[in-house]
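Working notes, structure below.
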Amino acid sequence: MDTVSFNRQSWMRLLALSSWSDLKECAGYLALVTCEIIRPPETGLVMLRGRIGGTGSAFNMGEATVTRCAVRSAKSHEGHAYIMGRNHEHAKIAAICDAVMQDDNCSARIESLVLLPLQKILVERRKVAAQKAAATKVDFFTLVRGEND
Amino acid sequence: MYVAVKGGEKAIDAAHRLLSEGRRGDPSVPEITTEQISEQLALAVDRVMNEGSLYDRGLASLAVKQARGDLTEAIFLVRAARTTLARFGYTEPANTSAMLIRRRVSAAFKDIPGGQILGPTFDYTHRLLDAGFDRTSPSLVPETPSSEIPKVLAMLGQEGLIEQPQASGTAPGDVTQEPASFPMPRDQRLQTLARGDEGFLLSLAYSTQRGFGRTHPFAGEIRLGEVEIEFTPVELGFPVVIGEVTLTECEMINQFIGSADVPPQFTRGYGLGFGHCERKVMSMALVDRSLRADELGEERVAPAQDEEFVISHCDNVQATGFVEHLKLPHYVDFQSELILLRKLRAEANVMQEAAE
């Protein structure tokens with residue numbers, strides 16, 4: 001049995017942060033995995049919170065759509081997904097992936113076929129955005145004024 | 001006498017068909033898609049998400065299209081859509097210190113760790129109309145990003161020069177669940193301002209700068225970027241990241257105060273919004289600060305310091321509902337006014353004739 005470097009929170013995070021097109025590309029075939037649907041994909045709302053002054057008391061800033069789904073795998077692992085947006089397929093694939101990742105016989109394979117490629121795409125996407133922002137960083141230079149010397 | 005009036009169904013139906021025709025415009029011009037609106041009219045979509053108080057680019061884009069670009073109408077559509085969905089719960093507070101920065105500027109300090117990152121800004125453009133604005137410009141030369149981009153106001157805080165936000169452990173109030181009452185705690189005020197009309201808040205913010213309630217502001221830090229959102233589902237019992245949102249944050253540094261117990265220090269105003277919305281969050285921060293008048297022992301003399309006035313009138317869905325309802329039939333109300341007026345005039349005539 002191979003060990004995996006992801007824990008449950010970190011793979012759920014990655015499945016939520018990946019775009020639907022990337023998830024479909026890397027994990028679309030998981031839709032074929034036999035799973036019992038405990039809760040079919042359902043879209044609702046969460047209230048997002050911020051903090052006063054960035055670090056103070058919490059306040060409610062506005063809602064966002066979120067879609068949740070829960071499945072049970074053949075080996076009785078419960079898979080859950082809460083994904084911002086309204087994409088039912090995304091939530092279902094993420095829930096199935098969550099279930100099969102809890103199966104020690106499958107997790108290493110899913111990690112290398114699904115999670116590591118998604119991780120690479122996410123890191124690259126963020127790197128490109130950060131590099132573009134850095135290109136707009138101001139380089140100050142000081143004009144030396146003559147002091148009648 | 002009350003006369004029930006029915007009818008107009010046919011006219012209403014025809015009016016809505018005419019609306020559809022107008023919405024589509026000249027059929028020889030290609031129809032716009034919601035994806036195009038989301039990508040190319042992104043700031044209109046951001047405004048609808050903010051004031052519609054719902055983070056969903058797809059729904060906001062659809063609303064902009066359906067409302068023919070009337071953003072107040074689009075905001076109304078989004079608010080209505082929101083009411084059809086169940087609430088799963090409240091997220092963990094967004095950590096803006098961990099934002100993936102696309103823009104970050106400070107007008108208070110030139111040299112800040114991480115630097116002044118201008119990002120995608122209209123600032124410093126010449127504001128000259130140019131039909132060729134979309135011609136492809138040479139692509140950006142990527143640079144190495146700074147490893148750390150700390151909060152500017154935290155640096156002032158380390159020296160004790162500015163008030164530090166205190167985190168209370170209590171759950172914040174939610175103005176979508178409880179009716180407003182005054183005085184209103186700051187968390188609920190901020191929630192109301194976050195969904196408030198940008199134009200109204202901008203004008204109030206401007207009024208404070210012109211002397212109607214002084215706040216003496218400096219833009220301590222404005223940042224734009226993506227923040228991961230965590231939510232704790234009951235069935236899991238631990239927080240999971242459910243996605244990322246684009247946020248704009250404004251931290252204003254304001255007029256200092258002091259007392260016998262506390263040495264003088266700067267005060268702060270805070271603004272936070274969905275998407276890229278600098279004008280909105282700057283206005284929000286200025287109005288947030290001016291509404292703290294009572295808390296900071298300042299005399300309330302200006303509209304922007306009047307909590308009930310600001311909070312009760314900043315919602316454009318409420319405002320447009322009440323103003324625009326005037327165009328709906330008021331035939332019976334008006335008849336009663338008319339009858340009263342005729343009666344008064346007849347009485348006045350009788351009195352005049354009697355006097356003569």
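Labels used: A, B, ... for chains in the order of the structure tokens, numbers from 1 for residues in each chain, and numbers from 1 for ligands as shown.
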Could you please select, counting only C-alpha atoms, the residues of chain B within 7 Å of chain A and state them as a ChimeraX atom specification? /B:53-56,85-94,96,101-103,115-119,140-145,165-168,172,174,187-188,191,194,240-244,251,270
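Inside range 104-221 of chain B, the residues DSSP reads as helix (DSSP H, G or I) when given the backbone are Val152, Leu153, Ala154, Met155, Leu156, Gly157, Gln158, Arg186, Asp187, Gln188, Arg189, Leu190, Gln191, Thr192, Leu193, Ala194, Glu198, Gly199, Phe200, Leu201, Leu202, Ser203, Leu204, Ala205, Tyr206, Ser207, Thr208 and Gln209 of chain B.
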Written file, previous selection with C-alpha atoms, as a CSV table (one decimal), in the first residue's frame:
chain,number,residue,atom,x,y,z
B,152,VAL,CA,0.2,48.0,5.8
B,153,LEU,CA,-1.9,49.0,8.8
B,154,ALA,CA,-0.3,46.1,10.8
B,155,MET,CA,3.0,48.0,10.6
B,156,LEU,CA,1.5,51.1,12.2
B,157,GLY,CA,-0.2,48.9,14.7
B,158,GLN,CA,3.1,47.5,15.9
B,186,ARG,CA,-20.8,47.9,13.5
B,187,ASP,CA,-20.9,44.4,12.1
B,188,GLN,CA,-24.5,44.8,10.9
B,189,ARG,CA,-23.7,48.3,9.6
B,190,LEU,CA,-20.9,46.9,7.5
B,191,GLN,CA,-23.1,44.1,6.2
B,192,THR,CA,-25.7,46.7,5.1
B,193,LEU,CA,-23.0,49.0,3.5
B,194,ALA,CA,-21.6,46.0,1.7
B,198,GLU,CA,-22.4,52.4,-4.7
B,199,GLY,CA,-23.6,55.8,-5.9
B,200,PHE,CA,-25.3,56.6,-2.6
B,201,LEU,CA,-22.2,55.6,-0.6
B,202,LEU,CA,-19.9,57.4,-3.0
B,203,SER,CA,-21.9,60.7,-2.5
B,204,LEU,CA,-21.9,60.3,1.3
B,205,ALA,CA,-18.2,59.6,1.3
B,206,TYR,CA,-17.6,62.6,-0.8
B,207,SER,CA,-19.7,64.7,1.5
B,208,THR,CA,-17.4,63.8,4.5
B,209,GLN,CA,-14.4,64.9,2.5
Compile the contact shell of Pro40 in chain A as a PDB file with N, CA and C atoms, in the first residue's frame: residues with an atom at most 9 Å away, counting only C-alpha atoms, same-chain residues fewer than 6 positions apart removed.
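Final output, saved to selection-v6.pdb:
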ATOM      1  N   ARG A  68     -23.693  21.071  -2.984  1.00  0.00           N
ATOM      2  CA  ARG A  68     -23.186  19.974  -2.165  1.00  0.00           C
ATOM      3  C   ARG A  68     -23.700  18.643  -2.702  1.00  0.00           C
ATOM      4  N   CYS A  69     -22.960  17.591  -2.354  1.00  0.00           N
ATOM      5  CA  CYS A  69     -23.335  16.257  -2.797  1.00  0.00           C
ATOM      6  C   CYS A  69     -22.705  15.260  -1.832  1.00  0.00           C
ATOM      7  N   ALA A  70     -23.380  14.162  -1.565  1.00  0.00           N
ATOM      8  CA  ALA A  70     -22.808  13.119  -0.701  1.00  0.00           C
ATOM      9  C   ALA A  70     -23.074  11.750  -1.325  1.00  0.00           C
ATOM     10  N   VAL A  71     -22.059  10.899  -1.312  1.00  0.00           N
ATOM     11  CA  VAL A  71     -22.179   9.555  -1.900  1.00  0.00           C
ATOM     12  C   VAL A  71     -21.601   8.519  -0.935  1.00  0.00           C
ATOM     13  N   HIS A  88     -23.515  20.903 -10.709  1.00  0.00           N
ATOM     14  CA  HIS A  88     -23.854  19.640 -10.048  1.00  0.00           C
ATOM     15  C   HIS A  88     -22.854  18.534 -10.361  1.00  0.00           C
ATOM     16  N   LYS A  92     -20.592  16.272  -7.755  1.00  0.00           N
ATOM     17  CA  LYS A  92     -20.728  14.816  -7.726  1.00  0.00           C
ATOM     18  C   LYS A  92     -19.366  14.122  -7.904  1.00  0.00           C
TER      19      LYS A  92
END
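A straight line drawn from CA of Pro117 in chain A to CA of Gly275 in chain B is 28.0 Å long.
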Which of range 10-138 of chain A DSSP labels strand (DSSP E), written as number ranges by chain:
A: 35-51, 58-73, 78-84
| Skipping near chain neighbours, those fewer than 4 positions away, what residues fall within 12 Å of range 22-24 of chain A using only C-alpha atoms, listed as an MDAnalysis selection string? | chainID A and resid 14:18 28:31 87 89:94 97 113:122 125
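CA of Pro27 in chain B lies 25.0 Å from CA of Leu77 in chain B.
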From CA of Glu51 in chain B to CA of Ile222 in chain B the spacing works out at 19.8 Å
| query | Could you pull the residues within 9 Å of Pro150 in chain B, counting only C-alpha atoms, minus those fewer than 5 positions along the same chain, as a count of residues only? | reply | 6
- Task: Do a neighbour search on Thr33 in chain B at 9 Å with only C-alpha atoms, toss out local chain neighbours closer than 4 positions, and write the hits as number ranges by chain.
- Result: B: 37-38, 61-62, 65
Go ahead and save the picked residues with N, CA and C atoms, as a short mmCIF file (atom, residue, chain, number, x, y, z; two decimals), in the first residue's frame.
data_model
loop_
_atom_site.label_atom_id
_atom_site.label_comp_id
_atom_site.auth_asym_id
_atom_site.auth_seq_id
_atom_site.Cartn_x
_atom_site.Cartn_y
_atom_site.Cartn_z
N ILE B 37 -20.50 38.73 -21.27
CA ILE B 37 -20.77 39.74 -20.24
C ILE B 37 -19.86 39.51 -19.04
N SER B 38 -19.74 38.25 -18.62
CA SER B 38 -18.92 37.92 -17.45
C SER B 38 -17.45 38.29 -17.68
N SER B 61 -24.28 37.75 -14.44
CA SER B 61 -24.16 38.05 -15.87
C SER B 61 -25.51 37.89 -16.56
N LEU B 62 -26.21 36.83 -16.20
CA LEU B 62 -27.54 36.59 -16.76
C LEU B 62 -28.47 37.75 -16.40
N LYS B 65 -27.84 40.77 -18.51
CA LYS B 65 -28.39 40.60 -19.85
C LYS B 65 -29.92 40.76 -19.84
#
